[in-house]
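Here is the file work.txt (compact mmCIF, C-alpha atoms).
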```txt
# COMPACT_ATOMS: atom_id res chain seq x y z
CA MET A 1 105.28 95.95 121.45
CA GLN A 2 106.39 93.69 124.27
CA LYS A 3 106.77 94.17 127.99
CA ILE A 4 107.97 91.86 130.77
CA ILE A 5 105.90 92.01 133.95
CA GLU A 6 107.03 90.05 137.00
CA ILE A 7 104.30 88.77 139.32
CA ASP A 8 105.31 87.14 142.61
CA ASP A 9 101.89 87.07 144.27
CA GLU A 10 100.82 83.41 144.41
CA LYS A 11 97.15 84.37 144.84
CA ARG A 12 97.13 86.15 141.48
CA LEU A 13 99.11 83.38 139.79
CA GLN A 14 96.62 80.75 140.91
CA ASN A 15 94.06 82.30 138.55
CA LEU A 16 96.29 81.29 135.61
CA TYR A 17 96.74 77.65 136.60
CA GLU A 18 94.90 75.02 134.51
CA LYS A 19 94.47 77.51 131.67
CA ARG A 20 95.27 76.24 128.16
CA MET A 21 97.07 77.81 125.25
CA ALA A 22 94.81 80.00 123.02
CA GLN A 23 92.39 80.44 125.94
CA GLU A 24 91.34 83.98 126.81
CA ILE A 25 91.33 85.26 130.40
CA ASP A 26 90.14 88.41 132.10
CA GLY A 27 93.02 90.75 132.88
CA ALA A 28 91.44 91.78 136.19
CA VAL A 29 92.63 88.51 137.77
CA LEU A 30 96.21 89.78 137.49
CA GLY A 31 95.58 93.13 139.12
CA ASP A 32 93.57 96.33 139.02
CA GLU A 33 95.91 97.87 136.41
CA PHE A 34 94.66 95.24 133.92
CA GLN A 35 90.98 95.98 134.51
CA GLY A 36 89.00 95.62 131.26
CA TYR A 37 91.82 93.87 129.39
CA ILE A 38 91.31 90.52 127.66
CA LEU A 39 94.49 88.41 127.45
CA ARG A 40 95.14 85.28 125.39
CA VAL A 41 97.64 82.62 126.45
CA SER A 42 100.04 82.11 123.55
CA GLY A 43 102.76 79.99 125.15
CA GLY A 44 105.45 79.89 127.78
CA ASN A 45 108.49 78.15 129.24
CA ASP A 46 109.13 76.22 132.40
CA LYS A 47 112.02 76.80 134.80
CA GLN A 48 114.41 74.72 132.67
CA GLY A 49 113.45 76.53 129.43
CA PHE A 50 111.33 73.83 127.78
CA PRO A 51 108.55 75.45 125.68
CA MET A 52 104.84 74.74 125.85
CA ARG A 53 103.42 72.76 122.92
CA GLN A 54 99.88 73.16 121.64
CA GLY A 55 97.92 69.90 121.56
CA VAL A 56 99.78 68.16 124.40
CA LEU A 57 97.00 68.02 127.00
CA THR A 58 99.02 67.92 130.21
CA ASN A 59 100.60 70.38 132.63
CA THR A 60 103.82 68.39 132.96
CA ARG A 61 106.83 67.73 130.78
CA VAL A 62 106.69 64.88 128.26
CA ARG A 63 109.08 63.40 125.71
CA LEU A 64 107.69 63.30 122.18
CA LEU A 65 109.09 61.34 119.24
CA CYS A 66 109.73 64.13 116.72
CA LYS A 67 110.44 63.92 113.01
CA LYS A 68 110.86 66.36 110.15
CA GLY A 69 108.27 69.14 110.22
CA HIS A 70 107.61 69.03 113.97
CA LYS A 71 108.11 72.12 116.09
CA ALA A 72 111.22 72.53 118.26
CA TYR A 73 113.08 69.90 116.20
CA ARG A 74 115.43 70.05 113.22
CA GLN A 75 116.54 66.78 111.70
CA ARG A 76 120.26 66.30 111.02
CA ARG A 77 119.92 63.27 108.73
CA ALA A 78 117.24 62.14 106.28
CA GLY A 79 114.53 60.13 108.02
CA GLU A 80 115.92 60.80 111.48
CA ARG A 81 113.58 60.77 114.49
CA LYS A 82 114.41 61.83 118.00
CA ARG A 83 112.69 62.24 121.35
CA LYS A 84 112.47 65.82 122.58
CA SER A 85 111.20 67.12 125.91
CA VAL A 86 108.34 69.63 125.67
CA ARG A 87 105.87 71.14 128.11
CA GLY A 88 102.14 70.51 127.79
CA CYS A 89 99.69 73.21 126.74
CA ILE A 90 98.15 73.52 130.23
CA VAL A 91 99.61 76.11 132.59
CA GLY A 92 101.10 74.57 135.74
CA HIS A 93 102.79 75.79 138.88
CA ASP A 94 106.29 75.23 137.43
CA ILE A 95 105.83 77.62 134.48
CA SER A 96 108.32 80.46 134.91
CA VAL A 97 107.49 82.54 131.80
CA LEU A 98 103.97 82.87 130.38
CA ASN A 99 103.33 84.69 127.12
CA LEU A 100 100.08 86.68 126.99
CA VAL A 101 98.69 88.60 124.02
CA VAL A 102 96.39 91.59 124.52
CA THR A 103 93.24 91.02 122.46
CA LYS A 104 91.19 93.82 124.02
CA ILE A 105 92.50 97.02 125.57
CA GLY A 106 90.98 98.24 128.82
CA GLU A 107 90.32 101.74 130.08
CA ASN A 108 93.70 102.42 131.75
CA PRO A 109 96.76 102.32 129.47
CA ILE A 110 99.77 100.26 130.50
CA ALA A 111 103.05 102.14 130.46
CA GLY A 112 105.36 100.87 127.76
CA LEU A 113 102.72 98.62 126.20
CA THR A 114 99.48 100.36 125.24
CA ASP A 115 100.30 104.01 125.88
CA ASP A 116 102.23 104.49 122.65
CA ASN A 117 101.72 103.59 119.00
CA VAL A 118 104.63 102.23 117.00
CA PRO A 119 104.37 103.28 113.36
CA ARG A 120 104.72 100.62 110.71
CA ARG A 121 108.09 100.77 109.04
CA LEU A 122 106.97 98.89 105.95
CA GLY A 123 103.97 99.64 103.77
CA PRO A 124 101.83 97.37 101.60
CA LYS A 125 103.33 95.72 98.53
CA ARG A 126 100.28 94.49 96.64
CA ALA A 127 98.87 96.97 94.12
CA ASN A 128 95.25 96.68 95.27
CA LYS A 129 96.24 97.20 98.91
CA ILE A 130 98.16 100.34 98.00
CA ARG A 131 95.06 101.61 96.15
CA LYS A 132 92.93 100.82 99.19
CA LEU A 133 95.35 102.62 101.54
CA PHE A 134 95.45 105.83 99.49
CA ASN A 135 91.89 105.54 98.10
CA LEU A 136 93.10 105.43 94.50
CA THR A 137 91.30 104.50 91.33
CA LYS A 138 92.50 102.14 88.64
CA ASP A 139 93.52 105.10 86.50
CA ASP A 140 96.05 106.34 89.10
CA ASP A 141 99.67 105.24 88.91
CA VAL A 142 100.35 103.05 91.95
CA ARG A 143 104.13 103.38 91.55
CA LYS A 144 103.97 107.01 92.68
CA TYR A 145 102.33 106.11 96.00
CA VAL A 146 104.48 103.19 97.15
CA ILE A 147 105.98 103.74 100.61
CA ALA A 148 109.78 104.02 100.36
CA ARG A 149 112.54 105.06 102.72
CA ASN A 150 115.75 106.98 102.18
CA PHE A 151 118.92 106.09 104.04
CA THR A 152 122.69 106.34 103.73
CA ASN A 153 124.51 103.11 103.00
CA LYS A 154 127.96 102.09 104.19
CA LYS A 155 129.61 103.89 101.28
CA GLY A 156 127.97 107.16 102.29
CA VAL A 157 125.60 107.25 99.31
CA GLU A 158 121.99 108.34 99.73
CA VAL A 159 119.81 105.39 98.68
CA ARG A 160 116.06 105.16 98.18
CA LYS A 161 114.66 101.72 98.93
CA ALA A 162 111.14 100.72 97.86
CA PRO A 163 109.40 97.33 97.71
CA LYS A 164 108.60 95.65 94.41
CA ILE A 165 104.90 96.10 93.73
CA GLN A 166 103.12 92.78 93.42
CA ARG A 167 100.26 92.10 90.94
CA LEU A 168 100.92 95.36 89.10
CA VAL A 169 99.29 95.34 85.66
CA THR A 170 101.56 97.08 83.15
CA PRO A 171 101.63 97.09 79.33
CA LEU A 172 104.47 94.58 79.45
CA VAL A 173 102.39 92.24 81.64
CA LEU A 174 99.47 92.51 79.21
CA GLN A 175 101.80 91.87 76.27
CA ARG A 176 103.15 88.72 77.93
CA LYS A 177 99.60 87.62 78.70
CA ARG A 178 98.62 88.04 75.05
CA ALA A 179 101.75 86.14 74.00
CA ARG A 180 100.88 83.25 76.33
CA LYS A 181 97.31 83.18 75.00
CA ALA A 182 98.51 83.29 71.38
CA ALA A 183 101.00 80.49 72.04
CA LYS A 184 98.25 78.41 73.60
CA MET A 185 95.91 78.99 70.65
CA ASN A 186 98.69 78.20 68.17
CA SER A 187 99.39 74.99 70.05
CA VAL A 188 95.70 74.02 69.89
CA LEU A 189 95.51 74.73 66.15
CA ARG A 190 98.76 72.88 65.50
CA ASN A 191 97.50 69.87 67.43
CA LYS A 192 94.28 69.89 65.40
CA GLU A 193 96.21 70.06 62.13
CA GLU A 194 98.55 67.26 63.20
CA ALA A 195 95.60 65.11 64.29
CA ALA A 196 93.83 65.67 60.93
CA ALA A 197 97.05 64.83 59.04
CA TYR A 198 97.46 61.67 61.10
CA LYS A 199 93.86 60.62 60.35
CA ARG A 200 94.44 61.17 56.62
CA LEU A 201 97.63 59.13 56.76
CA VAL A 202 95.90 56.29 58.62
CA ALA A 203 93.05 56.30 56.08
CA GLN A 204 95.55 56.26 53.21
CA ARG A 205 97.47 53.33 54.73
CA LEU A 206 94.24 51.38 55.28
CA ALA A 207 93.18 52.04 51.66
CA GLU A 208 96.59 50.84 50.40
CA GLN A 209 96.31 47.68 52.53
CA LYS A 210 92.81 47.00 51.19
CA GLU A 211 93.99 47.54 47.60
CA ALA A 212 96.97 45.23 48.10
CA ARG A 213 94.75 42.51 49.57
CA ARG A 214 92.22 42.90 46.77
CA SER A 215 94.95 42.53 44.12
CA LEU A 216 96.39 39.50 45.92
CA ILE A 217 92.96 37.80 46.02
CA SER A 218 92.39 38.50 42.30
CA LYS A 219 95.83 37.04 41.46
CA ARG A 220 95.03 33.85 43.40
CA ARG A 221 91.67 33.53 41.66
CA SER A 222 93.21 33.95 38.22
CA THR A 223 95.95 31.42 39.03
CA ARG A 224 93.39 28.85 40.22
CA LYS A 225 91.24 29.43 37.14
CA SER A 226 94.15 28.99 34.72
CA ALA A 227 95.27 25.83 36.59
CA LYS A 228 91.74 24.43 36.36
CA LEU A 229 91.52 25.16 32.61
CA ALA A 230 94.91 23.51 32.03
CA ALA A 231 93.80 20.42 33.93
CA GLU A 232 90.59 20.15 31.87
CA ALA A 233 92.54 20.53 28.62
CA SER A 234 94.98 17.77 29.51
CA ALA A 235 92.12 15.43 30.46
```
Starting from the file, lay out its structure as structure tokens.
Amino acid sequence: MQKIIEIDDEKRLQNLYEKRMAQEIDGAVLGDEFQGYILRVSGGNDKQGFPMRQGVLTNTRVRLLCKKGHKAYRQRRAGERKRKSVRGCIVGHDISVLNLVVTKIGENPIAGLTDDNVPRRLGPKRANKIRKLFNLTKDDDVRKYVIARNFTNKKGVEVRKAPKIQRLVTPLVLQRKRARKAAKMNSVLRNKEEAAAYKRLVAQRLAEQKEARRSLISKRRSTRKSAKLAAEASA
């Protein structure tokens, strides 16, 4: 829930000056109605609408060279950089809007902020979180306890809308898991068989090369021997 509170008393506003973003303050400095509250500074804008930026340690406005991924900047072309004006993370006198988050609720409720509870429209999606919410066991069917809503669409048809349950273990999921495991094991066995076949082929080729070299050497020796005998006979 959000609520806009206008404070014009300069004495109360002086307690917020020089405070940084993410710093917690006592709510009593803003008035007796905030007694016991703990507030955290989450951001703000100055009078011209420039937002506060965490990490810029100044209470004035600066121009930063921004690129893709920086806050308050969207690049129009690839590799583009541009200077953008932002406000520092320290609260100054020219801040017109200051965002505060209630981290601890005090004794007296604030009308329109802490006096009412807004129910959650959406429920959990993850299977274990649904079990934790309804205190279920693993034997219970989570699909029967998912939080859904019924509404009438533009065509006037009554529609039931429910979120898709995440990390739900079903027989089909287990079957696909077994199939992935079997495919992995088959791949390992096939790789082993192919590696063994390759080793056998390499050994066979080496044996053939050795046999061919051995036959070539024996042919050369026999040729030299016959040439030597022919030379002796002619002498």
CA of Gly27 (chain A) sits from CA of Cys89 (chain A) at a separation of 19.7 Å
With all atoms listed in the file as the basis for distance, which of A:Pro171, A:Pro119, A:Pro124, A:Gly106 is at the shortest distance from Ile38 (chain A)?
A:Gly106
So, with all atoms listed in the file as the atoms that count, which of A:Val142, A:Ala179, A:Met52, A:Ala22 lies closest to Asp94 (chain A)?
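Between A:Val142, A:Ala179, A:Met52, A:Ala22, the residue approaching Asp94 (chain A) most closely is A:Met52.
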One decimal, in Å: what's the spacing between CA of Ala197 (chain A) and CA of Gln209 (chain A)?
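Here the two named atoms are 18.4 Å from each other.
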Given all atoms listed in the file as the counted atoms, nearest of A:Leu13, A:Val91, A:Leu172, A:Val86 to Ser42 (chain A):
A:Val91
Between CA of Ala127 (chain A) and CA of Ala162 (chain A), distance in Å (one decimal):
13.4 Å
Asp141 (chain A) proximity check over A:Leu168, A:Ser218, A:Val159, A:Lys177, using all atoms listed in the file: winner is A:Leu168
Of the candidates A:Gln54, A:Ser85, A:Gln2, A:Thr103, which shows the shortest atom-to-atom distance to Ile25 (chain A), using all atoms listed in the file?
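Smallest distance to Ile25 (chain A) is found for A:Thr103.
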Residues at most 12 Å from Arg87 (chain A), counting only C-alpha atoms, excluding those fewer than 2 positions away in the same chain, as a ChimeraX atom specification?
/A:20-21,43-64,72,84-85,89-92,94-96
Rank nothing, just name the residue among A:Thr114, A:Gln23, A:Thr152, A:Gln204 nearest to Asn99 (chain A), using only C-alpha atoms.
A:Gln23
Could you work out an axis-aligned bounding box for all listed atoms of region 196-215 of chain A, with 6 Å added on each of the six sides, and give its centre and edge lengths in Å to one decimal, as AutoDock Vina command-line options?
```
--center_x 94.9 --center_y 54.1 --center_z 52.6 --size_x 17.4 --size_y 35.2 --size_z 29.0
```
